[in-house]
>>> print(open('target.cif').read())   # mmCIF, C-alpha atoms
data_entry
loop_
_atom_site.group_PDB
_atom_site.id
_atom_site.type_symbol
_atom_site.label_atom_id
_atom_site.label_comp_id
_atom_site.auth_asym_id
_atom_site.auth_seq_id
_atom_site.Cartn_x
_atom_site.Cartn_y
_atom_site.Cartn_z
ATOM 1 C CA MET L 228 19.841 10.571 -12.633
ATOM 2 C CA SER L 229 17.822 11.888 -9.702
ATOM 3 C CA HIS L 230 14.613 13.834 -10.062
ATOM 4 C CA PRO L 231 12.865 16.454 -7.957
ATOM 5 C CA THR L 232 10.541 15.103 -5.318
ATOM 6 C CA SER L 233 7.081 14.477 -6.709
ATOM 7 C CA ASN L 234 3.818 12.883 -5.681
ATOM 8 C CA ILE L 235 3.903 9.255 -6.711
ATOM 9 C CA LEU L 236 1.489 6.032 -6.355
ATOM 10 C CA GLY L 237 -2.642 3.600 -7.907
ATOM 11 C CA ASN L 238 -5.887 1.904 -7.395
ATOM 12 C CA GLN L 239 -5.617 -1.662 -6.217
ATOM 13 C CA THR L 240 -6.926 -4.275 -8.571
ATOM 14 C CA SER L 241 -7.888 -7.835 -7.820
ATOM 15 C CA SER L 242 -5.757 -10.704 -9.076
ATOM 16 C CA PRO L 243 -6.664 -12.091 -12.514
ATOM 17 C CA TRP L 244 -6.731 -15.458 -10.753
ATOM 18 C CA GLY L 245 -9.534 -14.098 -8.571
ATOM 19 C CA ARG L 246 -7.663 -14.539 -5.313
ATOM 20 C CA PRO L 247 -9.671 -12.171 -3.247
ATOM 21 C CA GLY L 248 -12.949 -11.887 -5.277
ATOM 22 C CA GLY L 249 -16.085 -13.672 -6.113
ATOM 23 C CA GLU L 250 -14.375 -16.663 -7.661
ATOM 24 C CA LYS L 251 -14.365 -19.963 -5.794
ATOM 25 C CA GLN L 252 -11.019 -20.823 -4.238
ATOM 26 C CA LEU L 253 -10.000 -24.491 -4.250
ATOM 27 C CA GLY L 254 -11.757 -27.534 -5.659
ATOM 28 C CA GLU L 255 -12.351 -29.219 -8.968
ATOM 29 C CA ASP L 256 -15.323 -26.981 -9.781
ATOM 30 C CA ARG L 257 -12.979 -23.984 -9.913
ATOM 31 C CA LEU L 258 -12.085 -24.881 -13.497
ATOM 32 C CA ALA L 259 -15.639 -24.032 -14.498
ATOM 33 C CA TYR L 260 -15.240 -20.456 -13.286
ATOM 34 C CA VAL L 261 -11.977 -19.326 -14.882
ATOM 35 C CA PRO L 262 -10.268 -20.121 -18.193
ATOM 36 C CA HIS L 263 -7.275 -22.233 -17.254
ATOM 37 C CA ARG L 264 -4.243 -19.990 -16.933
ATOM 38 C CA LEU L 265 -1.852 -22.502 -18.470
ATOM 39 C CA SER L 266 -3.869 -23.901 -21.371
ATOM 40 C CA SER L 267 -3.435 -20.757 -23.472
ATOM 41 C CA VAL L 268 0.363 -21.042 -23.191
ATOM 42 C CA PHE L 269 1.104 -24.775 -23.095
ATOM 43 C CA HIS L 270 -0.407 -26.679 -26.020
ATOM 44 C CA PHE L 271 1.911 -29.698 -25.861
ATOM 45 C CA CYS L 272 3.396 -31.757 -23.069
ATOM 46 C CA PRO L 273 6.909 -30.401 -22.275
ATOM 47 C CA ARG L 274 8.088 -33.939 -21.607
ATOM 48 C CA CYS L 275 6.831 -36.054 -24.524
ATOM 49 C CA GLY L 276 5.266 -33.507 -26.903
ATOM 50 C CA SER L 277 1.787 -35.009 -26.736
ATOM 51 C CA ILE L 278 -1.194 -32.815 -27.608
ATOM 52 C CA HIS L 279 -3.104 -34.437 -24.770
ATOM 53 C CA PHE L 280 -1.865 -31.950 -22.179
ATOM 54 C CA VAL L 281 -4.961 -30.992 -20.225
ATOM 55 C CA PRO L 282 -5.965 -29.049 -17.107
ATOM 56 C CA ASN L 283 -5.413 -31.095 -13.974
ATOM 57 C CA ASP L 284 -6.551 -28.603 -11.345
ATOM 58 C CA PHE L 285 -6.640 -24.806 -11.133
ATOM 59 C CA LYS L 286 -2.833 -24.501 -11.086
ATOM 60 C CA SER L 287 -1.576 -27.530 -12.988
ATOM 61 C CA MET L 288 -1.756 -29.442 -16.256
ATOM 62 C CA ARG L 289 -1.324 -33.161 -16.832
ATOM 63 C CA CYS L 290 -0.270 -35.221 -19.836
ATOM 64 C CA GLU L 291 -2.745 -38.021 -20.526
ATOM 65 C CA ASP L 292 -0.081 -39.983 -22.403
ATOM 66 C CA CYS L 293 3.089 -39.933 -20.253
ATOM 67 C CA GLY L 294 1.619 -38.780 -16.928
ATOM 68 C CA PHE L 295 3.786 -35.651 -16.585
ATOM 69 C CA VAL L 296 2.218 -32.990 -14.335
ATOM 70 C CA TYR L 297 3.273 -29.334 -14.439
ATOM 71 C CA TYR L 298 2.406 -27.062 -11.502
ATOM 72 C CA LEU L 299 2.458 -23.288 -11.729
ATOM 73 C CA ASN L 300 3.542 -22.149 -8.272
ATOM 74 C CA ALA L 301 4.241 -18.597 -7.141
ATOM 75 C CA SER L 302 7.733 -17.295 -7.912
ATOM 76 C CA ALA L 303 9.723 -15.657 -5.128
ATOM 77 C CA ALA L 304 10.421 -11.938 -5.558
ATOM 78 C CA THR L 305 11.667 -9.102 -3.348
ATOM 79 C CA ALA L 306 11.358 -5.354 -2.875
ATOM 80 C CA ALA L 307 13.445 -2.972 -0.759
ATOM 81 C CA LEU L 308 12.404 0.042 1.266
ATOM 82 C CA ILE L 309 15.543 2.162 1.610
ATOM 83 C CA PHE L 310 15.680 5.467 3.473
ATOM 84 C CA ASN L 311 18.494 7.994 3.335
ATOM 85 C CA SER L 312 19.810 10.142 6.181
ATOM 86 C CA ARG L 313 17.012 12.664 5.476
ATOM 87 C CA ASP L 314 14.374 9.941 5.992
ATOM 88 C CA GLU L 315 13.450 9.961 2.300
ATOM 89 C CA LEU L 316 12.432 6.768 0.513
ATOM 90 C CA LEU L 317 14.301 5.565 -2.564
ATOM 91 C CA VAL L 318 11.936 5.202 -5.521
ATOM 92 C CA ILE L 319 12.940 4.033 -8.986
ATOM 93 C CA HIS L 320 11.105 4.280 -12.315
ATOM 94 C CA ARG L 321 10.844 1.135 -14.373
ATOM 95 C CA ARG L 322 12.983 1.052 -17.516
ATOM 96 C CA ASP L 323 11.091 -1.761 -19.254
ATOM 97 C CA GLU L 324 7.702 -3.380 -19.495
ATOM 98 C CA PRO L 325 5.695 -4.406 -17.638
ATOM 99 C CA LYS L 326 4.665 -1.001 -16.245
ATOM 100 C CA LYS L 327 7.439 0.886 -18.046
ATOM 101 C CA GLY L 328 8.036 4.352 -16.607
ATOM 102 C CA MET L 329 5.990 3.798 -13.473
ATOM 103 C CA PRO L 330 7.315 4.271 -9.918
ATOM 104 C CA ASP L 331 8.522 1.123 -8.184
ATOM 105 C CA LEU L 332 10.690 -0.091 -5.329
ATOM 106 C CA PRO L 333 14.099 -1.641 -6.049
ATOM 107 C CA GLY L 334 13.816 -5.418 -6.223
ATOM 108 C CA GLY L 335 13.089 -8.373 -8.451
ATOM 109 C CA PHE L 336 13.011 -12.128 -8.748
ATOM 110 C CA VAL L 337 15.090 -14.409 -6.528
ATOM 111 C CA ASP L 338 17.590 -16.479 -8.513
ATOM 112 C CA PHE L 339 18.214 -20.201 -8.178
ATOM 113 C CA GLY L 340 20.459 -20.954 -5.207
ATOM 114 C CA GLU L 341 19.802 -17.620 -3.476
ATOM 115 C CA SER L 342 18.111 -16.906 -0.187
ATOM 116 C CA ILE L 343 15.492 -14.159 -0.251
ATOM 117 C CA GLU L 344 17.921 -11.904 1.652
ATOM 118 C CA GLN L 345 20.645 -12.529 -0.917
ATOM 119 C CA GLY L 346 18.157 -11.861 -3.696
ATOM 120 C CA VAL L 347 17.087 -8.466 -2.392
ATOM 121 C CA ALA L 348 20.709 -7.401 -1.814
ATOM 122 C CA ARG L 349 21.684 -8.422 -5.356
ATOM 123 C CA GLU L 350 18.713 -6.654 -6.939
ATOM 124 C CA VAL L 351 19.383 -3.451 -4.988
ATOM 125 C CA LYS L 352 23.012 -3.453 -6.130
ATOM 126 C CA GLU L 353 22.068 -4.157 -9.755
ATOM 127 C CA GLU L 354 19.425 -1.430 -9.937
ATOM 128 C CA THR L 355 20.923 1.278 -7.725
ATOM 129 C CA GLY L 356 24.587 0.461 -7.063
ATOM 130 C CA LEU L 357 23.884 0.457 -3.318
ATOM 131 C CA ILE L 358 25.370 -2.116 -0.948
ATOM 132 C CA VAL L 359 22.838 -3.582 1.475
ATOM 133 C CA THR L 360 24.319 -4.015 4.955
ATOM 134 C CA GLU L 361 21.108 -5.107 6.688
ATOM 135 C CA ALA L 362 17.794 -6.450 5.372
ATOM 136 C CA GLN L 363 14.914 -6.634 7.836
ATOM 137 C CA PHE L 364 11.938 -8.672 6.610
ATOM 138 C CA LEU L 365 8.673 -6.771 6.985
ATOM 139 C CA PHE L 366 5.852 -8.712 5.298
ATOM 140 C CA SER L 367 4.855 -10.267 1.977
ATOM 141 C CA PHE L 368 2.027 -9.883 -0.529
ATOM 142 C CA PRO L 369 0.937 -11.859 -3.603
ATOM 143 C CA ASN L 370 1.278 -10.246 -7.000
ATOM 144 C CA ASP L 371 0.875 -10.930 -10.723
ATOM 145 C CA TYR L 372 3.667 -10.101 -13.158
ATOM 146 C CA MET L 373 2.884 -10.037 -16.869
ATOM 147 C CA TYR L 374 5.905 -11.159 -18.893
ATOM 148 C CA SER L 375 6.076 -12.435 -22.481
ATOM 149 C CA GLY L 376 2.303 -12.434 -22.632
ATOM 150 C CA PHE L 377 1.976 -14.650 -19.561
ATOM 151 C CA ASN L 378 0.835 -13.606 -16.095
ATOM 152 C CA VAL L 379 3.340 -15.014 -13.609
ATOM 153 C CA PRO L 380 2.025 -15.305 -10.036
ATOM 154 C CA THR L 381 4.584 -14.136 -7.475
ATOM 155 C CA VAL L 382 4.900 -13.750 -3.744
ATOM 156 C CA ASP L 383 6.759 -10.500 -3.046
ATOM 157 C CA SER L 384 8.763 -10.162 0.180
ATOM 158 C CA PHE L 385 9.366 -6.612 1.405
ATOM 159 C CA PHE L 386 12.485 -5.634 3.341
ATOM 160 C CA LEU L 387 13.551 -2.527 5.207
ATOM 161 C CA CYS L 388 17.153 -2.215 4.032
ATOM 162 C CA ARG L 389 20.127 -0.264 5.326
ATOM 163 C CA VAL L 390 22.842 0.609 2.828
ATOM 164 C CA ALA L 391 26.466 1.587 3.177
ATOM 165 C CA ASN L 392 26.761 4.138 0.376
ATOM 166 C CA GLU L 393 23.575 6.178 -0.096
ATOM 167 C CA ASP L 394 25.505 9.012 -1.810
ATOM 168 C CA GLU L 395 26.621 6.642 -4.575
ATOM 169 C CA VAL L 396 23.169 5.679 -5.809
ATOM 170 C CA CYS L 397 22.810 5.426 -9.591
ATOM 171 C CA ALA L 398 20.062 3.953 -11.733
ATOM 172 C CA SER L 399 21.002 0.899 -13.798
ATOM 173 C CA ASP L 400 19.696 -2.471 -15.010
ATOM 174 C CA ASP L 401 15.868 -2.387 -14.745
ATOM 175 C CA ALA L 402 15.787 1.116 -13.241
ATOM 176 C CA ALA L 403 15.543 4.058 -15.657
ATOM 177 C CA ASP L 404 16.109 6.650 -12.938
ATOM 178 C CA TYR L 405 15.596 7.235 -9.237
ATOM 179 C CA GLN L 406 14.521 9.822 -6.706
ATOM 180 C CA TRP L 407 14.525 10.221 -2.941
ATOM 181 C CA VAL L 408 10.975 11.036 -1.839
ATOM 182 C CA SER L 409 9.643 12.292 1.463
ATOM 183 C CA PRO L 410 7.062 9.820 2.871
ATOM 184 C CA ASP L 411 4.394 12.518 2.999
ATOM 185 C CA LYS L 412 4.738 12.949 -0.795
ATOM 186 C CA ILE L 413 4.137 9.274 -1.539
ATOM 187 C CA ASN L 414 0.762 8.048 -2.710
ATOM 188 C CA PRO L 415 0.807 4.242 -2.853
ATOM 189 C CA ALA L 416 -1.799 4.277 -5.627
ATOM 190 C CA ASP L 417 0.788 5.599 -8.105
ATOM 191 C CA PHE L 418 3.086 2.573 -7.914
ATOM 192 C CA ALA L 419 3.388 -0.076 -10.595
ATOM 193 C CA PHE L 420 2.194 -3.225 -8.846
ATOM 194 C CA GLU L 421 -0.583 -4.125 -6.453
ATOM 195 C CA SER L 422 1.811 -5.766 -3.997
ATOM 196 C CA SER L 423 3.854 -2.557 -3.717
ATOM 197 C CA ARG L 424 0.722 -0.464 -3.331
ATOM 198 C CA ARG L 425 -0.455 -2.685 -0.491
ATOM 199 C CA ALA L 426 2.996 -2.775 1.109
ATOM 200 C CA LEU L 427 3.439 0.998 1.027
ATOM 201 C CA THR L 428 -0.050 1.575 2.389
ATOM 202 C CA LYS L 429 0.719 -0.719 5.312
ATOM 203 C CA PHE L 430 4.223 0.638 5.864
ATOM 204 C CA LEU L 431 3.386 4.325 5.642
ATOM 205 C CA GLY L 432 0.347 3.837 7.845
ATOM 206 C CA ASN L 433 2.600 2.767 10.695
ATOM 207 C CA LEU L 434 5.852 4.510 9.773
ATOM 208 C CA PRO L 435 7.173 5.221 13.308
ATOM 209 C CA LYS L 436 6.902 1.543 14.218
ATOM 210 C CA TYR L 437 8.841 0.314 11.189
ATOM 211 C CA LEU L 438 11.553 2.979 11.248
ATOM 212 C CA LYS L 439 12.391 2.059 14.858
ATOM 213 C CA LYS L 440 13.504 -1.406 13.732
#
>>> encode(input="target.cif", output="structure tokens")
Amino acid sequence: MSHPTSNILGNQTSSPWGRPGGEKQLGEDRLAYVPHRLSSVFHFCPRCGSIHFVPNDFKSMRCEDCGFVYYLNASAATAALIFNSRDELLVIHRRDEPKKGMPDLPGGFVDFGESIEQGVAREVKEETGLIVTEAQFLFSFPNDYMYSGFNVPTVDSFFLCRVANEDEVCASDDAADYQWVSPDKINPADFAFESSRRALTKFLGNLPKYLKK
């Protein structure tokens, strides 16, 4: 169901992993600055079940018994910027947590075996019913996605997408509803995630350049 145009978008916050902030970046001494992100979730080795599953470095844990090492690397995710024939941007509202009810861009995680381009096209179809005919990569930003009580680090790739059937848009899957919004009514600060806020700030700040692509 579409909604009347409204002002949408939120203050940027730093990553809980301290990626731009006062925390040290790489090195063994980093463990002294931040509680290990994995130790509160993994109490036993996933391979042998040992309790001796300990921090290895800032993004991994190691089993002292069998030698198994688990690395937490960023998951690939996508987001689509879709404009209609009136040059309005497609904005959805999130159906579920995290950030339930907040404005967002269509998109989501890339599945196994997919390219990033295939992932964004699939997510757009699942959430809006629209068929992506062209996906132009714009830029990417890191993000943190809280799910099941665990903060999953992601790298979010943003695409300017053309679709074949803009009049057939319908909210489904993770989208509760949608609206077409004029760019001058969009406030990036209102959006659900830091990566989207940063992406929209960059995109809207140079709109003529990107819409010429």
>>> residues_around(input="target.cif", residues="stretch 427-430 of chain L", least_positions_apart="3", cutoff="10 Å", atoms="only C-alpha atoms", output="CSV table (one decimal) with C-alpha atoms, in the frame of the given file")
chain,number,residue,atom,x,y,z
L,236,LEU,CA,1.5,6.0,-6.4
L,308,LEU,CA,12.4,0.0,1.3
L,332,LEU,CA,10.7,-0.1,-5.3
L,365,LEU,CA,8.7,-6.8,7.0
L,366,PHE,CA,5.9,-8.7,5.3
L,385,PHE,CA,9.4,-6.6,1.4
L,387,LEU,CA,13.6,-2.5,5.2
L,410,PRO,CA,7.1,9.8,2.9
L,413,ILE,CA,4.1,9.3,-1.5
L,414,ASN,CA,0.8,8.0,-2.7
L,415,PRO,CA,0.8,4.2,-2.9
L,416,ALA,CA,-1.8,4.3,-5.6
L,418,PHE,CA,3.1,2.6,-7.9
L,421,GLU,CA,-0.6,-4.1,-6.5
L,422,SER,CA,1.8,-5.8,-4.0
L,423,SER,CA,3.9,-2.6,-3.7
L,424,ARG,CA,0.7,-0.5,-3.3
L,433,ASN,CA,2.6,2.8,10.7
L,434,LEU,CA,5.9,4.5,9.8
L,435,PRO,CA,7.2,5.2,13.3
L,436,LYS,CA,6.9,1.5,14.2
L,437,TYR,CA,8.8,0.3,11.2
L,438,LEU,CA,11.6,3.0,11.2
>>> residues_near_point(input="target.cif", point="(26.4, 9.7, -3.0)", cutoff="12 Å", atoms="only C-alpha atoms", output="list in words")
Met228, Ser229, Asn311, Ser312, Thr355, Gly356, Leu357, Val390, Ala391, Asn392, Glu393, Asp394, Glu395, Val396, Cys397 and Trp407 of chain L
>>> resolve_selection(input="target.cif", expression="the PyMOL selection byres ((chain L and resi 363) around 9)", output="PDB file with C-alpha atoms, in the coordinates of the input")
ATOM      1  CA  GLU L 344      17.921 -11.904   1.652  1.00  0.00           C
ATOM      2  CA  GLU L 361      21.108  -5.107   6.688  1.00  0.00           C
ATOM      3  CA  ALA L 362      17.794  -6.450   5.372  1.00  0.00           C
ATOM      4  CA  PHE L 364      11.938  -8.672   6.610  1.00  0.00           C
ATOM      5  CA  LEU L 365       8.673  -6.771   6.985  1.00  0.00           C
ATOM      6  CA  PHE L 385       9.366  -6.612   1.405  1.00  0.00           C
ATOM      7  CA  PHE L 386      12.485  -5.634   3.341  1.00  0.00           C
ATOM      8  CA  LEU L 387      13.551  -2.527   5.207  1.00  0.00           C
ATOM      9  CA  CYS L 388      17.153  -2.215   4.032  1.00  0.00           C
ATOM     10  CA  ARG L 389      20.127  -0.264   5.326  1.00  0.00           C
ATOM     11  CA  LYS L 440      13.504  -1.406  13.732  1.00  0.00           C
TER      12      LYS L 440
END
>>> residues_around(input="target.cif", residues="L:Glu350", least_positions_apart="5", cutoff="9 Å", atoms="only C-alpha atoms", output="list of chain:residue names")
L:Thr305, L:Ala306, L:Ala307, L:Pro333, L:Gly334, L:Gly335, L:Phe336, L:Val337, L:Gln345, L:Thr355
>>> closest_residue(input="target.cif", among="L:Ile358, L:Ile278, L:Asp314, L:Pro273", to="L:Tyr297", atoms="all atoms listed in the file")
L:Pro273
>>> residues_around(input="target.cif", residues="L:Cys272", least_positions_apart="5", cutoff="10 Å", atoms="only C-alpha atoms", output="PyMOL selection string")
chain L and resi 277-281+288-297
>>> resolve_selection(input="target.cif", expression="the PyMOL selection byres ((chain L and resi 403) around 10)", output="NGL selection string")
:L and (228 or 319-323 or 327-329 or 354-355 or 397-402 or 404-405)
>>> axis_aligned_box(input="target.cif", around="stretch 326-336 of chain L", padding_each_side="6 Å", output="AutoDock Vina command-line options")
--center_x 9.4 --center_y -3.9 --center_z -11.7 --size_x 21.4 --size_y 28.5 --size_z 24.7
>>> closest_residue(input="target.cif", among="L:Ser384, L:Glu341, L:Arg349, L:Asp331", to="L:Phe420", atoms="only C-alpha atoms")
L:Asp331
>>> closest_residue(input="target.cif", among="L:Pro282, L:Glu315, L:Tyr298, L:Gly376", to="L:Asp411", atoms="only C-alpha atoms")
L:Glu315
>>> atom_distance(input="target.cif", atom1="atom CA of L:Lys326", atom2="atom CA of L:Gly432")
24.9 Å
>>> atom_distance(input="target.cif", atom1="atom CA of L:Ser375", atom2="atom CA of L:Ala348")
25.8 Å
>>> closest_residue(input="target.cif", among="L:Ser302, L:Ser409, L:Ser342, L:Thr360", to="L:Tyr372", atoms="only C-alpha atoms")
L:Ser302
